[in-house]
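Quick look at model_12.pdb (PDB, C-alpha atoms):
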MODEL        1
ATOM      1  CA  MET A  29      29.624 -26.757  90.980
ATOM      2  CA  LYS A  30      29.714 -27.938  94.585
ATOM      3  CA  LYS A  31      30.309 -25.337  97.283
ATOM      4  CA  ASN A  32      33.711 -26.661  98.459
ATOM      5  CA  LYS A  33      34.922 -27.107  94.896
ATOM      6  CA  LYS A  34      33.875 -23.552  94.081
ATOM      7  CA  ARG A  35      35.677 -22.179  97.157
ATOM      8  CA  LEU A  36      38.847 -24.019  96.198
ATOM      9  CA  ALA A  37      38.586 -22.698  92.646
ATOM     10  CA  TRP A  38      38.187 -19.148  93.963
ATOM     11  CA  LEU A  39      41.257 -19.541  96.186
ATOM     12  CA  PHE A  40      43.365 -20.505  93.162
ATOM     13  CA  GLN A  41      41.705 -17.824  91.017
ATOM     14  CA  LEU A  42      42.419 -15.018  93.481
ATOM     15  CA  LEU A  43      46.049 -16.052  93.925
ATOM     16  CA  ALA A  44      46.595 -16.358  90.180
ATOM     17  CA  ALA A  45      44.792 -13.080  89.430
ATOM     18  CA  ALA A  46      46.834 -11.189  92.021
ATOM     19  CA  ILE A  47      50.086 -12.464  90.531
ATOM     20  CA  LEU A  48      49.029 -11.966  86.896
ATOM     21  CA  ILE A  49      47.759  -8.428  87.348
ATOM     22  CA  THR A  50      50.816  -7.419  89.382
ATOM     23  CA  VAL A  51      53.373  -8.778  86.924
ATOM     24  CA  GLY A  52      51.352  -7.513  83.955
ATOM     25  CA  VAL A  53      51.432  -3.976  85.328
ATOM     26  CA  MET A  54      55.167  -4.326  86.043
ATOM     27  CA  LYS A  55      55.734  -5.303  82.408
ATOM     28  CA  ILE A  56      53.785  -2.339  81.096
ATOM     29  CA  ASP A  57      55.507   0.024  83.551
ATOM     30  CA  GLY A  58      58.862  -1.178  82.225
ATOM     31  CA  SER A  59      60.553  -2.542  85.319
ATOM     32  CA  PRO A  60      64.289  -2.981  84.593
ATOM     33  CA  GLU A  61      64.114  -6.748  85.164
ATOM     34  CA  ASN A  62      61.326  -7.154  82.611
ATOM     35  CA  VAL A  63      63.050  -4.907  80.078
ATOM     36  CA  MET A  64      66.239  -6.971  80.450
ATOM     37  CA  MET A  65      64.371 -10.269  79.980
ATOM     38  CA  PHE A  66      62.487  -9.095  76.905
ATOM     39  CA  GLN A  67      65.695  -7.641  75.415
ATOM     40  CA  ALA A  68      67.321 -11.060  75.841
ATOM     41  CA  LEU A  69      64.325 -12.582  74.034
ATOM     42  CA  ASP A  70      64.538  -9.889  71.315
ATOM     43  CA  MET A  71      60.934  -8.901  72.082
ATOM     44  CA  GLU A  72      61.463  -5.474  73.615
ATOM     45  CA  PRO A  73      59.257  -3.361  73.830
ATOM     46  CA  GLY A  74      56.342  -4.721  71.773
ATOM     47  CA  GLY A  75      56.410  -8.234  73.188
ATOM     48  CA  ARG A  76      56.665  -6.913  76.730
ATOM     49  CA  TYR A  77      53.597  -4.717  76.259
ATOM     50  CA  LEU A  78      51.629  -7.494  74.549
ATOM     51  CA  ILE A  79      52.411 -10.091  77.220
ATOM     52  CA  GLY A  80      51.673  -7.556  79.980
ATOM     53  CA  ILE A  81      48.259  -6.788  78.500
ATOM     54  CA  ILE A  82      47.473 -10.488  78.028
ATOM     55  CA  GLU A  83      48.444 -11.187  81.663
ATOM     56  CA  ILE A  84      46.229  -8.378  82.946
ATOM     57  CA  VAL A  85      43.277  -9.554  80.824
ATOM     58  CA  ALA A  86      43.743 -13.154  82.012
ATOM     59  CA  GLY A  87      43.915 -11.920  85.614
ATOM     60  CA  LEU A  88      40.711  -9.930  85.215
ATOM     61  CA  LEU A  89      38.943 -12.908  83.628
ATOM     62  CA  LEU A  90      39.996 -15.027  86.617
ATOM     63  CA  LEU A  91      38.104 -12.575  88.831
ATOM     64  CA  THR A  92      34.809 -13.476  87.162
ATOM     65  CA  ASP A  93      32.730 -16.540  87.825
ATOM     66  CA  ALA A  94      31.677 -17.160  84.238
ATOM     67  CA  LEU A  95      35.019 -16.568  82.464
ATOM     68  CA  ALA A  96      37.523 -17.890  85.010
ATOM     69  CA  ALA A  97      38.229 -21.037  82.993
ATOM     70  CA  THR A  98      39.000 -18.905  79.930
ATOM     71  CA  GLY A  99      41.343 -16.710  81.968
ATOM     72  CA  ALA A 100      43.093 -19.791  83.333
ATOM     73  CA  PHE A 101      43.446 -21.252  79.836
ATOM     74  CA  ILE A 102      45.003 -18.008  78.527
ATOM     75  CA  ALA A 103      47.361 -17.790  81.508
ATOM     76  CA  ILE A 104      48.431 -21.424  81.062
ATOM     77  CA  GLY A 105      49.569 -20.601  77.532
ATOM     78  CA  VAL A 106      51.493 -17.534  78.640
ATOM     79  CA  MET A 107      53.136 -19.392  81.551
ATOM     80  CA  LEU A 108      54.181 -22.300  79.332
ATOM     81  CA  GLY A 109      55.756 -19.792  76.949
ATOM     82  CA  ALA A 110      57.572 -18.104  79.828
ATOM     83  CA  ILE A 111      58.860 -21.417  81.172
ATOM     84  CA  ILE A 112      60.118 -22.334  77.688
ATOM     85  CA  ALA A 113      61.844 -18.933  77.487
ATOM     86  CA  HIS A 114      63.580 -19.638  80.796
ATOM     87  CA  ALA A 115      64.590 -23.130  79.675
ATOM     88  CA  THR A 116      66.007 -21.980  76.338
ATOM     89  CA  VAL A 117      67.248 -18.383  76.662
ATOM     90  CA  LEU A 118      66.869 -16.765  80.078
ATOM     91  CA  GLY A 119      68.101 -19.509  82.371
ATOM     92  CA  TYR A 120      67.140 -20.462  85.900
ATOM     93  CA  ALA A 121      68.064 -17.291  87.827
ATOM     94  CA  ILE A 122      67.282 -13.725  86.797
ATOM     95  CA  ASN A 123      69.500 -11.052  88.391
ATOM     96  CA  ASN A 124      70.719 -13.558  90.990
ATOM     97  CA  ASP A 125      67.205 -14.144  92.339
ATOM     98  CA  GLY A 126      67.925 -17.796  93.065
ATOM     99  CA  GLY A 127      65.233 -18.898  90.636
ATOM    100  CA  MET A 128      62.374 -17.067  92.389
ATOM    101  CA  HIS A 129      61.012 -15.770  89.083
ATOM    102  CA  LEU A 130      60.872 -19.269  87.637
ATOM    103  CA  TRP A 131      59.274 -20.670  90.801
ATOM    104  CA  LEU A 132      56.622 -17.931  90.656
ATOM    105  CA  LEU A 133      55.854 -19.040  87.083
ATOM    106  CA  ILE A 134      55.491 -22.634  88.233
ATOM    107  CA  VAL A 135      53.179 -21.671  91.133
ATOM    108  CA  LEU A 136      51.087 -19.564  88.759
ATOM    109  CA  LEU A 137      50.930 -22.390  86.223
ATOM    110  CA  ALA A 138      49.825 -24.815  88.955
ATOM    111  CA  CYS A 139      47.087 -22.420  90.135
ATOM    112  CA  CYS A 140      45.791 -21.939  86.596
ATOM    113  CA  LEU A 141      45.866 -25.670  85.876
ATOM    114  CA  ALA A 142      43.837 -26.211  89.059
ATOM    115  CA  VAL A 143      41.299 -23.550  88.034
ATOM    116  CA  ALA A 144      41.036 -25.008  84.533
ATOM    117  CA  TRP A 145      40.432 -28.480  85.976
ATOM    118  CA  LEU A 146      37.968 -27.343  88.658
ATOM    119  CA  ARG A 147      36.022 -25.233  86.145
ATOM    120  CA  ARG A 148      36.458 -27.519  83.130
ATOM    121  CA  GLU A 149      32.701 -27.706  82.568
ATOM    122  CA  GLN A 150      32.809 -24.003  81.615
ATOM    123  CA  MET A 151      35.204 -24.589  78.724
ATOM    124  CA  PRO A 152      33.589 -24.925  75.300
ATOM    125  CA  PHE A 153      34.233 -28.242  73.539
ATOM    126  CA  ILE A 154      36.294 -29.526  76.493
ATOM    127  CA  GLY A 155      33.768 -29.342  79.339
ATOM    128  CA  LYS A 156      31.445 -32.098  78.177
ATOM    129  CA  THR A 157      34.343 -34.474  77.575
ATOM    130  CA  PHE A 158      35.755 -34.509  81.126
ATOM    131  CA  GLU A 159      32.606 -34.200  83.260
TER     132      GLU A 159
ENDMDL
END

Could you show the structure in this file as structure tokens?
Amino acid sequence: MKKNKKRLAWLFQLLAAAILITVGVMKIDGSPENVMMFQALDMEPGGRYLIGIIEIVAGLLLLTDALAATGAFIAIGVMLGAIIAHATVLGYAINNDGGMHLWLLIVLLACCLAVAWLRREQMPFIGKTFE
């Protein structure tokens, strides 16, 4: 991977990891906003814990050079699920936040898509196809 491409990937990785680990810990800690969202989805508390753990693991994988693409791929799946939950059940604004939660999901999804694209050669079965 070229030096500038690697730096750009690391920028997206660090931003995504910081967000994922922070929100994952907030889910496990049981912040009232997260409890309310997972109750609305009928996934409280098991789903909240599971998603929190998956987010933390994906964030930690993004902090490695060798497994960043895997972490991005996992996070993309979680973010797509969260966006679908907002589109179908939760709605645009959570606790009158003006849609900030949804925009954070979109920023995180964009960062992870960028990491997955920049590090696509690391992904098994996919990497050779898009080189």

Of the candidates A:Gly119, A:Pro73, A:Gly80, A:Gly87, which shows the shortest atom-to-atom distance to Lys55 in chain A, using all atoms listed in the file? A:Gly80

List, as a count of residues only, every residue that the PyMOL selection byres ((chain A and resi 49) around 12) selects in the file provided. 31

List, as number ranges by chain, every residue that the PyMOL selection byres ((chain A and resi 105-110) around 9) selects in the file provided. A: 79, 82-83, 100-104, 111-115, 130, 133-134, 136-137

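Note that CA of Ala97 in chain A and CA of Arg147 in chain A are 5.7 Å apart.
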
Interatomic distance (Å, one decimal) between CA of Trp131 in chain A and CA of Leu36 in chain A: 21.4 Å

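Candidate residues A:Ile122, A:Ala144, A:Leu78, A:Leu132 were compared for distance to Pro60 in chain A, and the nearest is A:Ile122, using all atoms listed in the file.
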
Given the file above and the PyMOL selection byres ((chain A and resi 65) around 12), which residues are selected, and can you give them as a PyMOL selection string? chain A and resi 55+58-64+66-73+75-76+110+113-114+117-119+121-123+129

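Rounded to one decimal, CA of Phe40 in chain A and CA of Val143 in chain A lie 6.3 Å from each other.
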
Please, can range 119-137 of chain A be completed to N, CA and C atoms and returned as a PDB file, keeping the file's coordinate frame?
ATOM      1  N   GLY A 119      67.438 -18.767  81.308  1.00  0.00           N
ATOM      2  CA  GLY A 119      68.101 -19.509  82.371  1.00  0.00           C
ATOM      3  C   GLY A 119      67.277 -19.538  83.642  1.00  0.00           C
ATOM      4  N   TYR A 120      67.828 -20.217  84.631  1.00  0.00           N
ATOM      5  CA  TYR A 120      67.140 -20.462  85.900  1.00  0.00           C
ATOM      6  C   TYR A 120      67.001 -19.201  86.745  1.00  0.00           C
ATOM      7  N   ALA A 121      68.072 -18.472  86.942  1.00  0.00           N
ATOM      8  CA  ALA A 121      68.064 -17.291  87.827  1.00  0.00           C
ATOM      9  C   ALA A 121      68.098 -16.014  86.997  1.00  0.00           C
ATOM     10  N   ILE A 122      67.309 -15.053  87.414  1.00  0.00           N
ATOM     11  CA  ILE A 122      67.282 -13.725  86.797  1.00  0.00           C
ATOM     12  C   ILE A 122      67.819 -12.738  87.826  1.00  0.00           C
ATOM     13  N   ASN A 123      68.882 -12.027  87.469  1.00  0.00           N
ATOM     14  CA  ASN A 123      69.500 -11.052  88.391  1.00  0.00           C
ATOM     15  C   ASN A 123      69.802 -11.662  89.753  1.00  0.00           C
ATOM     16  N   ASN A 124      70.334 -12.863  89.752  1.00  0.00           N
ATOM     17  CA  ASN A 124      70.719 -13.558  90.990  1.00  0.00           C
ATOM     18  C   ASN A 124      69.554 -13.712  91.968  1.00  0.00           C
ATOM     19  N   ASP A 125      68.373 -13.993  91.464  1.00  0.00           N
ATOM     20  CA  ASP A 125      67.205 -14.144  92.339  1.00  0.00           C
ATOM     21  C   ASP A 125      67.053 -15.560  92.880  1.00  0.00           C
ATOM     22  N   GLY A 126      67.991 -16.436  92.566  1.00  0.00           N
ATOM     23  CA  GLY A 126      67.925 -17.796  93.065  1.00  0.00           C
ATOM     24  C   GLY A 126      66.800 -18.613  92.440  1.00  0.00           C
ATOM     25  N   GLY A 127      66.304 -18.172  91.317  1.00  0.00           N
ATOM     26  CA  GLY A 127      65.233 -18.898  90.636  1.00  0.00           C
ATOM     27  C   GLY A 127      63.840 -18.522  91.094  1.00  0.00           C
ATOM     28  N   MET A 128      63.693 -17.466  91.885  1.00  0.00           N
ATOM     29  CA  MET A 128      62.374 -17.067  92.389  1.00  0.00           C
ATOM     30  C   MET A 128      61.398 -16.750  91.260  1.00  0.00           C
ATOM     31  N   HIS A 129      61.884 -16.108  90.211  1.00  0.00           N
ATOM     32  CA  HIS A 129      61.012 -15.770  89.083  1.00  0.00           C
ATOM     33  C   HIS A 129      60.461 -17.038  88.443  1.00  0.00           C
ATOM     34  N   LEU A 130      61.311 -18.017  88.236  1.00  0.00           N
ATOM     35  CA  LEU A 130      60.872 -19.269  87.637  1.00  0.00           C
ATOM     36  C   LEU A 130      59.907 -20.012  88.561  1.00  0.00           C
ATOM     37  N   TRP A 131      60.182 -20.002  89.859  1.00  0.00           N
ATOM     38  CA  TRP A 131      59.274 -20.670  90.801  1.00  0.00           C
ATOM     39  C   TRP A 131      57.905 -19.984  90.841  1.00  0.00           C
ATOM     40  N   LEU A 132      57.893 -18.655  90.712  1.00  0.00           N
ATOM     41  CA  LEU A 132      56.622 -17.931  90.656  1.00  0.00           C
ATOM     42  C   LEU A 132      55.827 -18.360  89.416  1.00  0.00           C
ATOM     43  N   LEU A 133      56.519 -18.548  88.297  1.00  0.00           N
ATOM     44  CA  LEU A 133      55.854 -19.040  87.083  1.00  0.00           C
ATOM     45  C   LEU A 133      55.242 -20.419  87.305  1.00  0.00           C
ATOM     46  N   ILE A 134      55.971 -21.275  87.988  1.00  0.00           N
ATOM     47  CA  ILE A 134      55.491 -22.634  88.233  1.00  0.00           C
ATOM     48  C   ILE A 134      54.283 -22.619  89.166  1.00  0.00           C
ATOM     49  N   VAL A 135      54.325 -21.791  90.218  1.00  0.00           N
ATOM     50  CA  VAL A 135      53.179 -21.671  91.133  1.00  0.00           C
ATOM     51  C   VAL A 135      51.963 -21.146  90.373  1.00  0.00           C
ATOM     52  N   LEU A 136      52.180 -20.137  89.543  1.00  0.00           N
ATOM     53  CA  LEU A 136      51.087 -19.564  88.759  1.00  0.00           C
ATOM     54  C   LEU A 136      50.519 -20.592  87.777  1.00  0.00           C
ATOM     55  N   LEU A 137      51.386 -21.342  87.133  1.00  0.00           N
ATOM     56  CA  LEU A 137      50.930 -22.390  86.223  1.00  0.00           C
ATOM     57  C   LEU A 137      50.101 -23.430  86.975  1.00  0.00           C
TER      58      LEU A 137
END
